[in-house]
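Visitor: This is the content of entry_36.cif (mmCIF, C-alpha atoms):
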data_query
#
loop_
_atom_site.label_atom_id
_atom_site.label_comp_id
_atom_site.auth_asym_id
_atom_site.auth_seq_id
_atom_site.Cartn_x
_atom_site.Cartn_y
_atom_site.Cartn_z
CA MET A 1 -5.01 5.20 -46.36
CA SER A 2 -3.15 2.38 -48.08
CA THR A 3 -1.30 4.75 -50.38
CA GLU A 4 0.14 6.86 -47.57
CA THR A 5 3.77 7.94 -47.31
CA LYS A 6 6.58 5.43 -47.00
CA ASN A 7 6.94 6.24 -43.28
CA GLU A 8 3.53 4.99 -42.32
CA LYS A 9 3.33 1.56 -40.77
CA SER A 10 0.54 -0.38 -39.15
CA VAL A 11 0.78 -1.82 -35.65
CA VAL A 12 -1.77 -4.20 -34.17
CA LEU A 13 -3.22 -3.61 -30.68
CA ASP A 14 -5.15 -6.15 -28.62
CA GLN A 15 -8.77 -5.53 -27.64
CA ASP A 16 -7.68 -3.53 -24.58
CA GLY A 17 -5.42 -1.27 -26.59
CA HIS A 18 -2.10 -2.84 -25.59
CA LEU A 19 0.43 -3.92 -28.21
CA ALA A 20 -0.59 -7.29 -29.59
CA ASN A 21 3.07 -8.18 -30.28
CA ARG A 22 5.57 -6.95 -27.73
CA GLU A 23 8.37 -7.20 -30.31
CA ASP A 24 6.80 -4.29 -32.19
CA TRP A 25 7.86 -1.91 -29.43
CA THR A 26 10.55 0.68 -30.08
CA LYS A 27 11.33 4.00 -28.39
CA GLU A 28 9.86 5.81 -31.35
CA LEU A 29 6.70 3.74 -31.20
CA ALA A 30 6.36 4.64 -27.49
CA GLN A 31 5.85 8.27 -28.50
CA ASP A 32 3.25 7.24 -31.09
CA LEU A 33 1.48 5.15 -28.46
CA ALA A 34 1.57 8.11 -26.07
CA ASP A 35 0.00 10.33 -28.73
CA HIS A 36 -2.60 7.66 -29.40
CA GLU A 37 -3.44 7.55 -25.66
CA GLY A 38 -3.62 11.33 -25.41
CA ILE A 39 -0.58 11.55 -23.13
CA GLY A 40 1.37 13.87 -25.44
CA GLU A 41 5.11 14.52 -25.48
CA LEU A 42 7.03 11.98 -23.39
CA THR A 43 9.37 13.66 -20.89
CA ASN A 44 12.32 12.23 -18.96
CA ARG A 45 9.95 11.55 -16.07
CA HIS A 46 7.69 9.50 -18.33
CA TRP A 47 10.76 7.58 -19.43
CA ASP A 48 11.76 6.92 -15.80
CA VAL A 49 8.42 5.17 -15.36
CA ILE A 50 8.48 3.38 -18.73
CA ASN A 51 12.02 2.07 -18.27
CA TYR A 52 11.29 0.94 -14.72
CA ILE A 53 8.15 -1.00 -15.59
CA ARG A 54 9.83 -2.58 -18.60
CA GLU A 55 12.68 -3.77 -16.35
CA GLU A 56 10.20 -5.14 -13.80
CA TYR A 57 8.27 -6.90 -16.54
CA GLU A 58 11.45 -8.55 -17.79
CA LYS A 59 12.19 -9.77 -14.26
CA ASN A 60 8.72 -10.78 -13.05
CA GLY A 61 6.50 -11.19 -16.09
CA ASP A 62 4.12 -8.51 -14.86
CA ALA A 63 4.13 -4.75 -14.45
CA PRO A 64 4.86 -3.66 -10.82
CA SER A 65 2.13 -2.50 -8.44
CA ILE A 66 1.72 1.26 -8.18
CA ARG A 67 3.04 1.13 -4.63
CA LYS A 68 6.22 -0.63 -5.72
CA LEU A 69 6.57 1.66 -8.69
CA THR A 70 6.32 4.84 -6.64
CA LYS A 71 8.72 3.51 -4.02
CA GLU A 72 11.38 2.33 -6.42
CA SER A 73 11.21 4.61 -9.45
CA GLY A 74 11.29 7.87 -7.48
CA VAL A 75 8.07 9.06 -9.12
CA SER A 76 5.41 9.88 -6.50
CA THR A 77 1.77 8.79 -6.73
CA LYS A 78 0.70 12.36 -7.40
CA GLU A 79 3.23 12.81 -10.18
CA LEU A 80 2.39 9.44 -11.69
CA TYR A 81 -1.27 10.42 -12.02
CA LYS A 82 -0.18 13.69 -13.67
CA LEU A 83 2.18 11.96 -16.09
CA PHE A 84 -0.34 9.29 -17.09
CA PRO A 85 -3.79 10.71 -16.43
CA LYS A 86 -6.91 8.54 -16.56
CA GLY A 87 -5.51 5.27 -15.26
CA PRO A 88 -1.72 5.36 -14.79
CA ALA A 89 -1.02 1.63 -14.46
CA LYS A 90 -2.72 0.72 -17.72
CA LYS A 91 -1.62 3.83 -19.62
CA ALA A 92 2.02 3.40 -18.65
CA ALA A 93 1.88 -0.29 -19.59
CA LYS A 94 0.38 0.60 -22.97
CA VAL A 95 3.10 3.14 -23.76
CA ALA A 96 5.77 0.71 -22.54
CA GLY A 97 4.40 -1.92 -24.93
CA LEU A 98 3.39 -4.30 -22.14
CA PRO A 99 0.15 -6.20 -21.55
CA LYS A 100 -2.49 -5.08 -19.06
CA PRO A 101 -1.11 -5.33 -15.48
CA LYS A 102 -2.51 -8.26 -13.49
CA GLY A 103 -2.32 -6.79 -9.96
CA CYS A 104 -5.09 -5.04 -8.01
CA ILE A 105 -2.95 -2.46 -6.23
CA MET B 1 3.15 8.25 -38.24
CA THR B 2 1.91 4.90 -37.01
CA LYS B 3 -1.52 3.58 -37.69
CA PHE B 4 -2.95 1.50 -34.85
CA ILE B 5 -5.31 -1.35 -35.65
CA THR B 6 -7.31 -2.82 -32.76
CA GLN B 7 -7.97 -6.55 -32.70
CA ASP B 8 -11.59 -7.33 -32.08
CA LYS B 9 -12.82 -9.76 -29.48
CA LYS B 10 -15.17 -11.53 -31.86
CA ASN B 11 -14.07 -10.09 -35.20
CA GLY B 12 -17.40 -8.36 -34.90
CA GLU B 13 -18.42 -5.05 -36.37
CA GLU B 14 -21.15 -4.25 -33.89
CA GLN B 15 -18.99 -4.84 -30.82
CA LYS B 16 -18.61 -1.14 -30.05
CA GLU B 17 -22.35 -0.54 -30.07
CA SER B 18 -23.15 -3.44 -27.77
CA SER B 19 -20.60 -2.67 -25.04
CA PRO B 20 -22.18 -0.86 -22.06
CA LYS B 21 -21.02 2.58 -20.98
CA PRO B 22 -17.98 2.41 -18.68
CA ILE B 23 -18.25 3.55 -15.04
CA GLU B 24 -16.95 7.10 -14.67
CA LYS B 25 -17.32 7.79 -10.97
CA VAL B 26 -17.77 5.82 -7.72
CA SER B 27 -18.73 6.95 -4.25
CA ILE B 28 -17.68 4.42 -1.63
CA VAL B 29 -19.15 4.37 1.88
CA ILE B 30 -17.04 2.69 4.57
CA SER B 31 -19.24 2.14 7.60
CA LYS B 32 -17.31 -0.42 9.67
CA GLY B 33 -14.05 -0.18 11.52
CA SER B 34 -12.49 -3.61 11.65
CA LEU B 35 -9.47 -4.14 9.45
CA GLU B 36 -11.18 -6.64 7.16
CA GLU B 37 -14.10 -4.30 6.65
CA VAL B 38 -12.04 -1.20 5.90
CA TYR B 39 -9.69 -2.71 3.33
CA PRO B 40 -12.23 -3.70 0.66
CA GLY B 41 -13.46 -0.12 0.34
CA LEU B 42 -9.91 1.22 0.19
CA ILE B 43 -8.89 -1.32 -2.43
CA MET B 44 -11.95 -0.49 -4.51
CA ALA B 45 -11.34 3.24 -4.28
CA ASN B 46 -7.69 2.89 -5.23
CA GLY B 47 -8.58 0.43 -7.99
CA ALA B 48 -11.09 2.91 -9.40
CA ARG B 49 -8.46 5.63 -9.60
CA MET B 50 -6.04 3.21 -11.25
CA GLU B 51 -8.65 2.71 -13.97
CA GLY B 52 -9.13 6.43 -14.40
CA ILE B 53 -12.47 6.37 -12.56
CA GLU B 54 -13.19 9.27 -10.19
CA ALA B 55 -13.55 8.16 -6.56
CA THR B 56 -14.90 9.59 -3.34
CA ILE B 57 -14.78 7.81 0.02
CA PHE B 58 -17.26 8.65 2.76
CA PHE B 59 -16.41 7.30 6.22
CA THR B 60 -19.31 6.86 8.59
CA PHE B 61 -20.06 5.23 11.96
CA PHE B 62 -17.22 2.95 13.09
CA GLY B 63 -15.64 3.34 9.67
CA LEU B 64 -14.34 6.68 10.99
CA ASP B 65 -11.66 4.79 12.94
CA ALA B 66 -9.80 4.36 9.64
CA ILE B 67 -9.24 8.13 9.37
CA ILE B 68 -8.94 9.05 13.06
CA ASP B 69 -5.29 9.88 13.49
CA LYS B 70 -4.86 8.10 16.82
CA ARG B 71 -6.72 4.96 15.78
CA MET B 72 -5.99 4.30 12.13
CA ASP B 73 -2.77 2.40 12.84
CA LYS B 74 -4.49 0.15 15.35
CA LEU B 75 -7.41 -1.35 13.43
CA LYS B 76 -8.04 -4.99 14.30
CA VAL B 77 -9.47 -8.03 12.61
CA ALA B 78 -12.71 -9.20 14.28
CA THR B 79 -12.42 -12.84 15.31
CA VAL B 80 -15.88 -13.25 16.82
CA GLY B 81 -19.13 -13.69 14.93
CA ASN B 82 -17.54 -14.36 11.58
CA PRO B 83 -18.10 -17.98 10.47
CA ALA B 84 -15.77 -17.48 7.50
CA MET B 85 -12.86 -17.06 9.92
CA HIS B 86 -13.27 -20.77 10.75
CA ILE B 87 -12.49 -20.09 14.39
CA PRO B 88 -15.20 -21.12 16.87
CA THR B 89 -16.72 -18.01 18.46
CA MET B 90 -15.69 -19.02 21.98
CA ILE B 91 -12.07 -19.49 20.86
CA GLY B 92 -12.17 -16.28 18.82
CA GLY B 93 -13.10 -14.44 22.00
CA LEU B 94 -10.01 -15.50 23.90
CA PRO B 95 -7.48 -12.77 24.71
CA GLY B 96 -4.91 -12.29 21.97
CA MET B 97 -6.91 -13.97 19.19
CA SER B 98 -7.79 -10.75 17.44
CA ALA B 99 -4.23 -9.46 17.74
CA MET B 100 -2.95 -12.69 16.24
CA ALA B 101 -5.39 -12.64 13.34
CA THR B 102 -4.57 -8.98 12.73
CA LYS B 103 -0.85 -9.66 12.59
CA LYS B 104 -1.40 -12.52 10.19
CA MET B 105 -3.62 -10.48 7.88
CA LYS B 106 -1.20 -7.55 7.87
CA SER B 107 1.68 -9.78 6.89
CA GLU B 108 -0.34 -11.38 4.08
CA MET B 109 -1.33 -7.90 2.88
CA GLU B 110 2.28 -6.77 2.86
CA LYS B 111 3.17 -9.75 0.67
CA LEU B 112 0.58 -8.57 -1.85
CA ASP B 113 2.00 -5.06 -1.66
CA ILE B 114 -1.17 -3.73 -0.04
CA PRO B 115 -0.07 -0.88 2.23
CA PRO B 116 -1.04 -0.36 5.90
CA VAL B 117 -4.17 1.77 6.39
CA ARG B 118 -2.40 5.11 6.94
CA GLU B 119 -0.15 4.73 3.93
CA PHE B 120 -3.10 3.50 1.85
CA ILE B 121 -5.19 6.56 2.76
CA GLU B 122 -2.26 8.83 1.83
CA MET B 123 -1.82 6.99 -1.45
CA ILE B 124 -5.52 7.18 -2.29
CA SER B 125 -5.61 10.88 -1.45
CA ASP B 126 -2.58 11.43 -3.72
CA THR B 127 -4.42 9.79 -6.61
CA GLY B 128 -6.89 12.66 -6.47
CA ALA B 129 -9.70 10.80 -4.68
CA GLU B 130 -11.69 12.81 -2.13
CA ILE B 131 -12.04 11.67 1.48
CA TYR B 132 -14.91 12.75 3.73
CA ALA B 133 -16.08 12.10 7.28
CA CYS B 134 -19.77 11.83 8.18
CA LYS B 135 -21.08 14.79 10.20
CA ALA B 136 -23.70 12.83 12.13
CA THR B 137 -21.10 10.36 13.38
CA VAL B 138 -18.58 13.09 14.18
CA ASP B 139 -21.25 14.75 16.35
CA MET B 140 -22.32 11.47 17.92
CA PHE B 141 -18.77 10.57 18.95
CA HIS B 142 -17.94 14.19 19.95
CA LEU B 143 -15.10 14.45 17.47
CA ASP B 144 -13.82 17.43 15.50
CA GLU B 145 -11.52 18.10 12.54
CA SER B 146 -8.39 17.91 14.68
CA ASP B 147 -9.06 14.22 15.37
CA PHE B 148 -8.62 13.22 11.72
CA CYS B 149 -5.60 12.55 9.55
CA GLU B 150 -4.69 15.37 7.21
CA GLN B 151 -5.99 13.59 4.09
CA VAL B 152 -9.61 14.11 5.16
CA ASP B 153 -11.01 16.84 2.88
CA SER B 154 -13.89 17.79 5.16
CA ILE B 155 -16.73 16.71 7.41
CA ILE B 156 -19.95 16.61 5.41
CA THR B 157 -23.63 15.85 5.92
CA VAL B 158 -25.41 13.00 4.20
CA GLY B 159 -27.07 15.57 1.94
CA GLU B 160 -23.70 16.90 0.84
CA PHE B 161 -22.56 13.33 0.30
CA TYR B 162 -25.39 12.81 -2.19
CA GLU B 163 -24.57 16.10 -3.90
CA LYS B 164 -20.94 15.07 -4.28
CA SER B 165 -22.05 11.69 -5.56
CA ALA B 166 -23.93 13.15 -8.52
CA GLY B 167 -23.43 10.86 -11.49
CA ALA B 168 -21.57 8.28 -9.37
CA GLN B 169 -22.25 4.67 -8.51
CA ILE B 170 -22.66 4.46 -4.73
CA ILE B 171 -21.05 1.45 -3.07
CA PHE B 172 -21.82 0.73 0.58
CA THR B 173 -19.39 -1.39 2.56
#
Could you write out this file's structure as structure tokens?

Guide:
Amino acid sequence: MSTETKNEKSVVLDQDGHLANREDWTKELAQDLADHEGIGELTNRHWDVINYIREEYEKNGDAPSIRKLTKESGVSTKELYKLFPKGPAKKAAKVAGLPKPKGCI
Amino acid sequence: MTKFITQDKKNGEEQKESSPKPIEKVSIVISKGSLEEVYPGLIMANGARMEGIEATIFFTFFGLDAIIDKRMDKLKVATVGNPAMHIPTMIGGLPGMSAMATKKMKSEMEKLDIPPVREFIEMISDTGAEIYACKATVDMFHLDESDFCEQVDSIITVGEFYEKSAGAQIIFT
């Protein structure tokens, strides 16, 4: 593995699978994270969610609740669960390079 | 291509082997109809879906009020017989006490971004969770399908509830 191509780089995740260092995040890395999480190709709708939760995180220091997200990002609950199957709040936070959300809702 | 390296909790090698199997499915029974007894089940069901856990909610006895179209917006907090309310029972029984406690709880919930019951049920249904009403209670209260909100998938017997709960953790509230 260590003698791989020049394009390969290593990124450290925390024990929950979120980026250990938020500064590592780039748009390109988001796609790699999405592949790693089994989400696949990121569409514009995925990016609507990612950009929104990144903005909210900047403002409030935590990812928004799903209720707030669906009300303000224009992505419905149903669509959100389709875009990020198997746990949308955590999956979206992972792809957006943010820590695990703290809220319950 | 990016290689992802996961930090270990205790730099341990055997961590993976020792961690128990995650919960994959929950079946939540809501059997009571006061606001403070409906919310915990709803929060747990929604929380399960947020974690990617399958969830089914089974409403039974007075819990049915939370999915009866005409009643679900009017659930009240019980102010009598609950020592944790810190209101003496005699005071809690005075007219208006329950309405006041209900208003207070609803406003606190809103602050936490916890939706009102109807919106919460819609949200939970949209996450892909299944919502059922208990047949025995429906018969006892002389109700039928038209009494329920549209998110209710069907009216099922306790036997069907157990069938649908195959492989799930059952949580009674």

Visitor: If you apply the PyMOL selection byres ((chain B) within 6 of (chain A)) to this file, what residues do you get, as a ChimeraX atom specification?

Guide: /B:1-8,50-52,126-127

Visitor: Have a look at atom CA of Ile87 of chain B and atom CA of Lys104 of chain B and let me know their distance in Å, one decimal.

Guide: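 Atom-to-atom, atom CA of Ile87 of chain B to atom CA of Lys104 of chain B, that is 14.1 Å.
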
Visitor: Taking only C-alpha atoms into account, which of B:Met105, B:Phe61, B:Gly41, B:Ser34 comes nearest Leu143 of chain B?

Guide: B:Phe61

Visitor: Please evaluate the PyMOL selection byres ((chain B and resi 161) around 10) against the structure above and give the resulting residues as a list in words.

Guide: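 On this input, the PyMOL selection byres ((chain B and resi 161) around 10) captures Ser27, Val29, Thr56, Ile57, Phe58, Tyr132, Ala133, Cys134, Ile155, Ile156, Thr157, Val158, Gly159, Glu160, Tyr162, Glu163, Lys164, Ser165 and Ala166 of chain B.
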
Visitor: Can I get the selected residues back with C-alpha atoms, as a PDB file, in the coordinates of the input?

Guide:
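Wrote selection12.pdb, looks like this:
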ATOM      1  CA  SER B  27     -18.730   6.950  -4.250  1.00  0.00           C
ATOM      2  CA  VAL B  29     -19.150   4.370   1.880  1.00  0.00           C
ATOM      3  CA  THR B  56     -14.900   9.590  -3.340  1.00  0.00           C
ATOM      4  CA  ILE B  57     -14.780   7.810   0.020  1.00  0.00           C
ATOM      5  CA  PHE B  58     -17.260   8.650   2.760  1.00  0.00           C
ATOM      6  CA  TYR B 132     -14.910  12.750   3.730  1.00  0.00           C
ATOM      7  CA  ALA B 133     -16.080  12.100   7.280  1.00  0.00           C
ATOM      8  CA  CYS B 134     -19.770  11.830   8.180  1.00  0.00           C
ATOM      9  CA  ILE B 155     -16.730  16.710   7.410  1.00  0.00           C
ATOM     10  CA  ILE B 156     -19.950  16.610   5.410  1.00  0.00           C
ATOM     11  CA  THR B 157     -23.630  15.850   5.920  1.00  0.00           C
ATOM     12  CA  VAL B 158     -25.410  13.000   4.200  1.00  0.00           C
ATOM     13  CA  GLY B 159     -27.070  15.570   1.940  1.00  0.00           C
ATOM     14  CA  GLU B 160     -23.700  16.900   0.840  1.00  0.00           C
ATOM     15  CA  TYR B 162     -25.390  12.810  -2.190  1.00  0.00           C
ATOM     16  CA  GLU B 163     -24.570  16.100  -3.900  1.00  0.00           C
ATOM     17  CA  LYS B 164     -20.940  15.070  -4.280  1.00  0.00           C
ATOM     18  CA  SER B 165     -22.050  11.690  -5.560  1.00  0.00           C
ATOM     19  CA  ALA B 166     -23.930  13.150  -8.520  1.00  0.00           C
TER      20      ALA B 166
END

Visitor: Mind checking which residues fall within 7 Å of Ile50 of chain A, counting only C-alpha atoms, ignoring those fewer than 3 positions away in the same chain, and posting them as a list of chain:residue names?

Guide: A:His46, A:Trp47, A:Ile53, A:Arg54, A:Ala92, A:Ala96

Visitor: In Å, with one decimal, what is the gap from atom CA of Lys32 of chain B to atom CA of Glu145 of chain B?

Guide: 19.6 Å

Visitor: Using Å and a single decimal, report how far atom CA of Arg118 of chain B sits from atom CA of Ile43 of chain B.

Guide: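 Going from atom CA of Ile43 of chain B over to atom CA of Arg118 of chain B, I get 13.1 Å.
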
Visitor: Identify the residues within 10 Å of coordinate (-9.5, 11.7, -2.7) (same frame as the file), considering all atoms listed in the file, and give the answer as a list of chain:residue names.

Guide: B:Ala45, B:Asn46, B:Arg49, B:Glu54, B:Ala55, B:Thr56, B:Ile57, B:Phe58, B:Ile121, B:Glu122, B:Met123, B:Ile124, B:Ser125, B:Asp126, B:Thr127, B:Gly128, B:Ala129, B:Glu130, B:Ile131, B:Tyr132, B:Gln151, B:Val152, B:Asp153

Visitor: Quick one: residues within 12 Å of Met97 of chain B, all atoms listed in the file, excluding same-chain residues fewer than 3 positions away - as an NGL selection string?

Guide: :B and (76-80 or 85 or 87-94 or 100-104)

Visitor: I'd like to see the residues matched by the PyMOL selection byres ((chain B and resi 62-64) around 12) on this file, and ideally I'd get them as JSON, numbers by chain.

Guide: {"B": [28, 29, 30, 31, 32, 33, 34, 35, 36, 37, 38, 39, 40, 41, 42, 57, 58, 59, 60, 61, 65, 66, 67, 68, 69, 70, 71, 72, 75, 131, 132, 133, 134, 135, 136, 137, 138, 139, 140, 141, 143, 144, 145, 147, 148, 149, 152, 155, 172, 173]}

Visitor: Mind checking which residues fall within 7 Å of Ser73 of chain A, counting all atoms listed in the file, ignoring those fewer than 3 positions away in the same chain, and posting them as JSON, numbers by chain?

Guide: {"A": [48, 49, 52, 69, 70]}

Visitor: Counting all atoms listed in the file, figure out which residue out of A:Arg45, A:Tyr57, A:Ile39, A:Asp24 gets nearest to Val75 of chain A.

Guide: A:Arg45

Visitor: Kindly indicate which residue among A:Leu83, A:Arg22, A:Glu72, A:Asn44 lies nearest to Leu98 of chain A, using all atoms listed in the file for the distances.

Guide: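 Result for the nearest residue to Leu98 of chain A: A:Arg22.
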
Visitor: With all atoms of segment 78-89 of chain A from the file as input, state the centre and edge lengths in Å to one decimal of the axis-aligned box that has 5 Å extra on each side, as AutoDock Vina command-line options.

Guide:
--center_x -1.8 --center_y 7.7 --center_z -12.2 --size_x 20.1 --size_y 22.1 --size_z 19.7

Visitor: With N, CA and C atoms as the target, complete segment 37-64 of chain A and hand it back as a compact mmCIF listing (two decimals), in the frame of the given file.

Guide:
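Okay, selection.txt is ready:
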# COMPACT_ATOMS: atom_id res chain seq x y z
N GLU A 37 -2.76 7.60 -26.96
CA GLU A 37 -3.44 7.55 -25.66
C GLU A 37 -3.74 8.94 -25.11
N GLY A 38 -3.35 9.96 -25.85
CA GLY A 38 -3.62 11.33 -25.41
C GLY A 38 -2.71 11.79 -24.29
N ILE A 39 -1.52 11.19 -24.19
CA ILE A 39 -0.58 11.55 -23.13
C ILE A 39 0.33 12.70 -23.58
N GLY A 40 0.55 12.78 -24.89
CA GLY A 40 1.37 13.87 -25.44
C GLY A 40 2.85 13.56 -25.40
N GLU A 41 3.64 14.63 -25.43
CA GLU A 41 5.11 14.52 -25.48
C GLU A 41 5.65 13.77 -24.27
N LEU A 42 6.44 12.73 -24.50
CA LEU A 42 7.03 11.98 -23.39
C LEU A 42 8.26 12.72 -22.84
N THR A 43 8.24 12.97 -21.53
CA THR A 43 9.37 13.66 -20.89
C THR A 43 10.29 12.64 -20.24
N ASN A 44 11.40 13.13 -19.67
CA ASN A 44 12.32 12.23 -18.96
C ASN A 44 11.61 11.49 -17.83
N ARG A 45 10.68 12.18 -17.19
CA ARG A 45 9.95 11.55 -16.07
C ARG A 45 9.07 10.40 -16.58
N HIS A 46 8.44 10.61 -17.73
CA HIS A 46 7.69 9.50 -18.33
C HIS A 46 8.63 8.32 -18.59
N TRP A 47 9.81 8.65 -19.10
CA TRP A 47 10.76 7.58 -19.43
C TRP A 47 11.26 6.86 -18.18
N ASP A 48 11.38 7.59 -17.06
CA ASP A 48 11.76 6.92 -15.80
C ASP A 48 10.76 5.81 -15.49
N VAL A 49 9.48 6.14 -15.66
CA VAL A 49 8.42 5.17 -15.36
C VAL A 49 8.45 4.03 -16.39
N ILE A 50 8.52 4.39 -17.67
CA ILE A 50 8.48 3.38 -18.73
C ILE A 50 9.65 2.39 -18.59
N ASN A 51 10.85 2.94 -18.40
CA ASN A 51 12.02 2.07 -18.27
C ASN A 51 11.91 1.16 -17.05
N TYR A 52 11.41 1.74 -15.94
CA TYR A 52 11.29 0.94 -14.72
C TYR A 52 10.30 -0.21 -14.90
N ILE A 53 9.13 0.09 -15.48
CA ILE A 53 8.15 -1.00 -15.59
C ILE A 53 8.57 -2.04 -16.64
N ARG A 54 9.32 -1.60 -17.62
CA ARG A 54 9.83 -2.58 -18.60
C ARG A 54 10.84 -3.53 -17.93
N GLU A 55 11.71 -2.94 -17.09
CA GLU A 55 12.68 -3.77 -16.35
C GLU A 55 11.97 -4.78 -15.46
N GLU A 56 10.95 -4.27 -14.72
CA GLU A 56 10.20 -5.14 -13.80
C GLU A 56 9.50 -6.25 -14.58
N TYR A 57 8.98 -5.89 -15.73
CA TYR A 57 8.27 -6.90 -16.54
C TYR A 57 9.24 -7.99 -16.99
N GLU A 58 10.43 -7.57 -17.39
CA GLU A 58 11.45 -8.55 -17.79
C GLU A 58 11.74 -9.52 -16.66
N LYS A 59 11.83 -8.95 -15.43
CA LYS A 59 12.19 -9.77 -14.26
C LYS A 59 11.05 -10.66 -13.79
N ASN A 60 9.83 -10.09 -13.73
CA ASN A 60 8.72 -10.78 -13.05
C ASN A 60 7.56 -11.20 -13.95
N GLY A 61 7.59 -10.81 -15.19
CA GLY A 61 6.50 -11.19 -16.09
C GLY A 61 5.22 -10.42 -15.86
N ASP A 62 5.29 -9.36 -15.05
CA ASP A 62 4.12 -8.51 -14.86
C ASP A 62 4.61 -7.10 -14.51
N ALA A 63 3.78 -6.12 -14.82
CA ALA A 63 4.13 -4.75 -14.45
C ALA A 63 4.07 -4.65 -12.92
N PRO A 64 4.87 -3.76 -12.29
CA PRO A 64 4.86 -3.66 -10.82
C PRO A 64 3.57 -3.01 -10.33
